[in-house]
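Engineer: Dropping in target-v5.cif, with mmCIF, C-alpha atoms.
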```
data_structure
#
loop_
_atom_site.group_PDB
_atom_site.id
_atom_site.type_symbol
_atom_site.label_atom_id
_atom_site.label_comp_id
_atom_site.auth_asym_id
_atom_site.auth_seq_id
_atom_site.Cartn_x
_atom_site.Cartn_y
_atom_site.Cartn_z
ATOM 1 C CA MET A 1 -5.922 12.865 35.986
ATOM 2 C CA ILE A 2 -9.120 12.552 33.931
ATOM 3 C CA ASP A 3 -8.693 16.119 32.656
ATOM 4 C CA SER A 4 -5.125 15.408 31.505
ATOM 5 C CA ILE A 5 -6.308 12.289 29.618
ATOM 6 C CA LYS A 6 -9.056 14.348 27.954
ATOM 7 C CA GLN A 7 -6.500 17.000 26.980
ATOM 8 C CA MET A 8 -4.165 14.339 25.575
ATOM 9 C CA ASN A 9 -7.014 12.796 23.565
ATOM 10 C CA GLN A 10 -8.015 16.210 22.190
ATOM 11 C CA SER A 11 -4.388 16.930 21.266
ATOM 12 C CA ILE A 12 -4.110 13.607 19.437
ATOM 13 C CA GLU A 13 -7.412 14.154 17.626
ATOM 14 C CA HIS A 14 -6.367 17.610 16.445
ATOM 15 C CA ASN A 15 -2.677 16.993 15.732
ATOM 16 C CA ALA A 16 -2.086 13.326 14.926
ATOM 17 C CA VAL A 17 -1.683 12.147 11.359
ATOM 18 C CA THR A 18 -3.332 8.821 10.572
ATOM 19 C CA VAL A 19 -3.406 6.427 7.643
ATOM 20 C CA VAL A 20 -6.698 5.813 5.890
ATOM 21 C CA ILE A 21 -7.112 2.193 4.822
ATOM 22 C CA ARG A 22 -9.856 0.210 3.179
ATOM 23 C CA GLU A 23 -12.602 -0.858 5.560
ATOM 24 C CA ASP A 24 -12.108 -4.575 4.899
ATOM 25 C CA ILE A 25 -8.399 -4.331 5.677
ATOM 26 C CA HIS A 26 -9.144 -2.407 8.868
ATOM 27 C CA GLU A 27 -11.786 -4.926 9.907
ATOM 28 C CA ASN A 28 -9.670 -7.992 9.178
ATOM 29 C CA PHE A 29 -6.193 -6.910 10.258
ATOM 30 C CA SER A 30 -6.337 -3.947 12.649
ATOM 31 C CA ARG A 31 -5.469 -4.642 16.248
ATOM 32 C CA THR A 32 -7.911 -1.915 17.320
ATOM 33 C CA PHE A 33 -11.002 -2.761 15.269
ATOM 34 C CA PHE A 34 -14.201 -2.619 17.386
ATOM 35 C CA SER A 35 -14.080 -5.316 20.081
ATOM 36 C CA ARG A 36 -10.310 -5.789 19.664
ATOM 37 C CA ASN A 37 -9.815 -2.233 20.964
ATOM 38 C CA THR A 38 -10.207 -3.069 24.641
ATOM 39 C CA PRO A 39 -9.941 -0.555 27.505
ATOM 40 C CA ASP A 40 -6.608 -2.150 28.491
ATOM 41 C CA LEU A 41 -5.258 -1.778 24.944
ATOM 42 C CA ILE A 42 -6.443 1.832 24.781
ATOM 43 C CA LYS A 43 -4.685 2.582 28.077
ATOM 44 C CA GLU A 44 -1.507 0.792 26.964
ATOM 45 C CA ASP A 45 -1.453 2.600 23.618
ATOM 46 C CA ALA A 46 -2.057 5.988 25.265
ATOM 47 C CA GLN A 47 1.025 5.482 27.417
ATOM 48 C CA ASN A 48 3.299 5.008 24.401
ATOM 49 C CA LEU A 49 1.930 6.411 21.133
ATOM 50 C CA SER A 50 5.108 5.583 19.224
ATOM 51 C CA LEU A 51 4.818 1.917 20.186
ATOM 52 C CA ALA A 52 1.102 1.984 19.388
ATOM 53 C CA PHE A 53 1.869 3.325 15.898
ATOM 54 C CA LYS A 54 4.540 0.638 15.414
ATOM 55 C CA ASN A 55 2.169 -2.116 16.530
ATOM 56 C CA ASP A 56 -0.680 -0.808 14.348
ATOM 57 C CA ALA A 57 1.529 -0.474 11.255
ATOM 58 C CA ASP A 58 3.060 -3.900 11.824
ATOM 59 C CA ALA A 59 -0.372 -5.507 12.292
ATOM 60 C CA ILE A 60 -1.703 -4.089 9.016
ATOM 61 C CA LEU A 61 1.376 -4.193 6.781
ATOM 62 C CA GLY A 62 2.389 -7.630 8.027
ATOM 63 C CA LYS A 63 -0.850 -9.157 6.799
ATOM 64 C CA LEU A 64 -1.199 -7.493 3.403
ATOM 65 C CA GLN A 65 -0.801 -9.827 0.447
ATOM 66 C CA ASN A 66 1.572 -9.343 -2.488
ATOM 67 C CA ASN A 67 -0.600 -7.080 -4.618
ATOM 68 C CA GLU A 68 -1.883 -5.102 -1.605
ATOM 69 C CA LEU A 69 1.514 -4.346 -0.055
ATOM 70 C CA THR A 70 2.658 -1.594 -2.395
ATOM 71 C CA PRO A 71 5.277 1.131 -1.980
ATOM 72 C CA GLU A 72 2.383 3.632 -1.939
ATOM 73 C CA VAL A 73 0.746 1.924 1.044
ATOM 74 C CA VAL A 74 4.024 1.684 2.964
ATOM 75 C CA GLY A 75 4.763 5.282 1.971
ATOM 76 C CA ALA A 76 1.505 6.400 3.579
ATOM 77 C CA TYR A 77 2.648 4.883 6.875
ATOM 78 C CA MET A 78 6.103 6.437 6.461
ATOM 79 C CA ARG A 79 4.610 9.899 5.875
ATOM 80 C CA ALA A 80 2.254 9.549 8.843
ATOM 81 C CA TYR A 81 5.151 8.449 11.040
ATOM 82 C CA ARG A 82 7.401 11.358 9.970
ATOM 83 C CA GLU A 83 4.618 13.920 10.375
ATOM 84 C CA ASN A 84 3.673 12.635 13.830
ATOM 85 C CA VAL A 85 7.309 12.853 14.923
ATOM 86 C CA ALA A 86 7.598 16.352 13.426
ATOM 87 C CA LYS A 87 4.416 17.447 15.225
ATOM 88 C CA ARG A 88 5.731 15.877 18.434
ATOM 89 C CA VAL A 89 2.689 13.623 18.710
ATOM 90 C CA PHE A 90 5.205 10.931 19.604
ATOM 91 C CA ALA A 91 8.961 10.463 19.708
ATOM 92 C CA TYR A 92 11.231 9.173 16.983
ATOM 93 C CA ASN A 93 11.787 5.419 17.185
ATOM 94 C CA PRO A 94 14.519 3.814 15.015
ATOM 95 C CA ASP A 95 12.719 0.459 15.246
ATOM 96 C CA ILE A 96 9.797 1.981 13.327
ATOM 97 C CA ASP A 97 12.166 3.174 10.596
ATOM 98 C CA ASN A 98 13.636 -0.321 10.315
ATOM 99 C CA ILE A 99 10.228 -1.991 10.201
ATOM 100 C CA LEU A 100 8.855 0.398 7.595
ATOM 101 C CA MET A 101 11.999 0.107 5.447
ATOM 102 C CA GLY A 102 11.660 -3.684 5.587
ATOM 103 C CA TYR A 103 8.072 -3.447 4.409
ATOM 104 C CA LEU A 104 9.128 -1.019 1.673
ATOM 105 C CA ARG A 105 11.753 -3.485 0.410
ATOM 106 C CA GLN A 106 9.158 -6.264 0.469
ATOM 107 C CA ALA A 107 6.625 -4.066 -1.356
ATOM 108 C CA ARG A 108 9.152 -3.176 -4.056
ATOM 109 C CA SER A 109 10.048 -6.841 -4.477
ATOM 110 C CA ASN A 110 6.358 -7.765 -4.735
ATOM 111 C CA GLN A 111 5.835 -5.009 -7.273
ATOM 112 C CA ALA A 112 8.781 -6.181 -9.406
ATOM 113 C CA LYS A 113 7.490 -9.777 -9.399
ATOM 114 C CA LEU A 114 3.997 -8.627 -10.355
ATOM 115 C CA THR A 115 5.421 -6.485 -13.163
ATOM 116 C CA GLU A 116 7.342 -9.465 -14.561
ATOM 117 C CA MET A 117 4.239 -11.652 -14.316
ATOM 118 C CA PHE A 118 2.156 -8.936 -15.994
ATOM 119 C CA GLU A 119 4.624 -8.772 -18.879
ATOM 120 C CA ARG A 120 4.583 -12.567 -19.391
ATOM 121 C CA GLN A 121 0.785 -12.664 -19.320
ATOM 122 C CA LEU A 122 0.599 -9.682 -21.668
ATOM 123 C CA VAL A 123 2.865 -11.374 -24.218
ATOM 124 C CA ASP A 124 0.776 -14.569 -23.977
ATOM 125 C CA TYR A 125 -2.479 -12.639 -24.353
ATOM 126 C CA ILE A 126 -1.222 -10.669 -27.344
ATOM 127 C CA GLY A 127 -0.120 -13.955 -28.922
ATOM 128 C CA LYS A 128 -3.652 -15.338 -28.478
ATOM 129 C CA LEU A 129 -5.132 -12.184 -29.983
ATOM 130 C CA LYS A 130 -2.844 -12.594 -33.013
ATOM 131 C CA THR A 131 -3.749 -16.274 -33.371
ATOM 132 C CA ASN A 132 -7.456 -15.458 -33.271
ATOM 133 C CA ASN A 133 -7.096 -12.471 -35.629
ATOM 134 C CA GLU A 134 -8.305 -10.188 -32.838
ATOM 135 C CA LEU A 135 -5.208 -7.998 -32.544
ATOM 136 C CA THR A 136 -6.784 -4.607 -33.185
ATOM 137 C CA THR A 137 -5.751 -1.106 -32.278
ATOM 138 C CA ASN A 138 -8.786 -0.910 -30.004
ATOM 139 C CA ASN A 139 -7.743 -4.071 -28.108
ATOM 140 C CA VAL A 140 -4.164 -2.854 -27.750
ATOM 141 C CA ASN A 141 -5.447 0.504 -26.448
ATOM 142 C CA LYS A 142 -7.528 -1.363 -23.850
ATOM 143 C CA LEU A 143 -4.424 -3.314 -22.783
ATOM 144 C CA PHE A 144 -2.457 -0.068 -22.522
ATOM 145 C CA ASP A 145 -5.227 1.485 -20.406
ATOM 146 C CA PHE A 146 -5.237 -1.576 -18.138
ATOM 147 C CA TYR A 147 -1.436 -1.378 -17.807
ATOM 148 C CA THR A 148 -1.556 2.357 -17.049
ATOM 149 C CA LYS A 149 -4.260 1.863 -14.424
ATOM 150 C CA ASN A 150 -2.167 -0.785 -12.626
ATOM 151 C CA VAL A 151 0.913 1.455 -12.703
ATOM 152 C CA LYS A 152 -1.068 4.407 -11.300
ATOM 153 C CA GLU A 153 -2.473 2.202 -8.526
ATOM 154 C CA GLY A 154 1.073 1.119 -7.643
ATOM 155 C CA LYS A 155 0.394 -2.558 -8.295
ATOM 156 C CA ILE A 156 3.175 -2.742 -10.884
ATOM 157 C CA THR A 157 5.998 -0.462 -11.927
ATOM 158 C CA ARG A 158 6.424 1.317 -15.214
ATOM 159 C CA SER A 159 8.431 -0.995 -17.434
ATOM 160 C CA ASP A 160 10.146 -0.167 -20.706
ATOM 161 C CA ASP A 161 9.781 -3.838 -21.623
ATOM 162 C CA VAL A 162 5.996 -3.715 -21.196
ATOM 163 C CA VAL A 163 5.785 -0.447 -23.121
ATOM 164 C CA ASN A 164 7.826 -1.998 -25.943
ATOM 165 C CA VAL A 165 5.562 -5.077 -26.038
ATOM 166 C CA LEU A 166 2.530 -2.795 -26.292
ATOM 167 C CA ARG A 167 4.208 -0.617 -28.920
ATOM 168 C CA GLN A 168 5.043 -3.680 -31.019
ATOM 169 C CA ALA A 169 1.491 -4.990 -30.631
ATOM 170 C CA HIS A 170 0.146 -1.620 -31.744
ATOM 171 C CA GLN A 171 2.371 -1.677 -34.832
ATOM 172 C CA ALA A 172 1.283 -5.227 -35.640
ATOM 173 C CA ALA A 173 -2.366 -4.226 -35.262
ATOM 174 C CA THR A 174 -2.165 -1.380 -37.781
#
```
So that I can check it, write out the structure of this file as structure tokens.
Structural biologist:
Amino acid sequence: MIDSIKQMNQSIEHNAVTVVIREDIHENFSRTFFSRNTPDLIKEDAQNLSLAFKNDADAILGKLQNNELTPEVVGAYMRAYRENVAKRVFAYNPDIDNILMGYLRQARSNQAKLTEMFERQLVDYIGKLKTNNELTTNNVNKLFDFYTKNVKEGKITRSDDVVNVLRQAHQAAT
């Protein structure tokens, strides 16, 4: 019995696909962080890896705030789930698909709201720069860099409206 558990653990260590998350998120939200990972929980999870994955994903994704729950984060869990099923680490579970798709819809909604808020704040900020005679090409370039960084990080989506606001600001600055 002990040998079969060791073999299973070695198989999981060498074949399982995991999701890497920030340490603070792991510490605050993971159901298996340090003392929360009890011998009983380890035994329970080992008996049903698919359910363990579902519970872990639900614990983390369910607690992420608007700007932290992004399609990229949910996508990481989706890829890990698909790869673990493909590698036969655990069995397909339609409940996991439904849960992850729900989080993906929520993440996309969060992202759309943040993009709209970003655009409103950008228009307000550009207006203040104009009022204070500080609308320069350099300042507009910094705003564009900030926008691009947030799009790359998945916090907001690429928006033609935002690009047009920045383009108009650039024209006004020259």
Engineer: Taking into account all atoms listed in the file, which residue in the set A:Leu49, A:Ile21, A:Leu143, A:Leu129 is nearest to Val85 (chain A)?
Structural biologist: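 Looking only at the distances to Val85 (chain A), the closest residue turns out to be A:Leu49.
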Engineer: Which of these residues is nearest to Ala107 (chain A), using only C-alpha atoms: A:Thr157, A:Gly127, A:Asn139, A:Ala59?
Structural biologist: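 Looking at the shortest contact to Ala107 (chain A), the residue is A:Thr157.
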Engineer: Could you list, as a PyMOL selection string, every residue matched by the PyMOL selection byres ((chain A and resi 104) around 9) in this structure?
Structural biologist: chain A and resi 69-75+99-103+105-109
Engineer: Tell me, as a list of chain:residue names, which residues lie within 12 Å of Ala91 (chain A), counting all atoms listed in the file; anything in the same chain fewer than 6 positions away does not count.
Structural biologist: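 The filter keeps A:Asn48, A:Leu49, A:Ser50, A:Leu51, A:Ala52, A:Phe53, A:Lys54, A:Tyr81, A:Arg82, A:Glu83, A:Asn84, A:Val85.
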Engineer: Name the residues in contact with Arg120 (chain A) at a cut-off of 12 Å, using all atoms listed in the file, excluding same-chain residues fewer than 6 positions from it; report them as a PyMOL selection string.
Structural biologist: chain A and resi 113-114+126-127+161-162+165
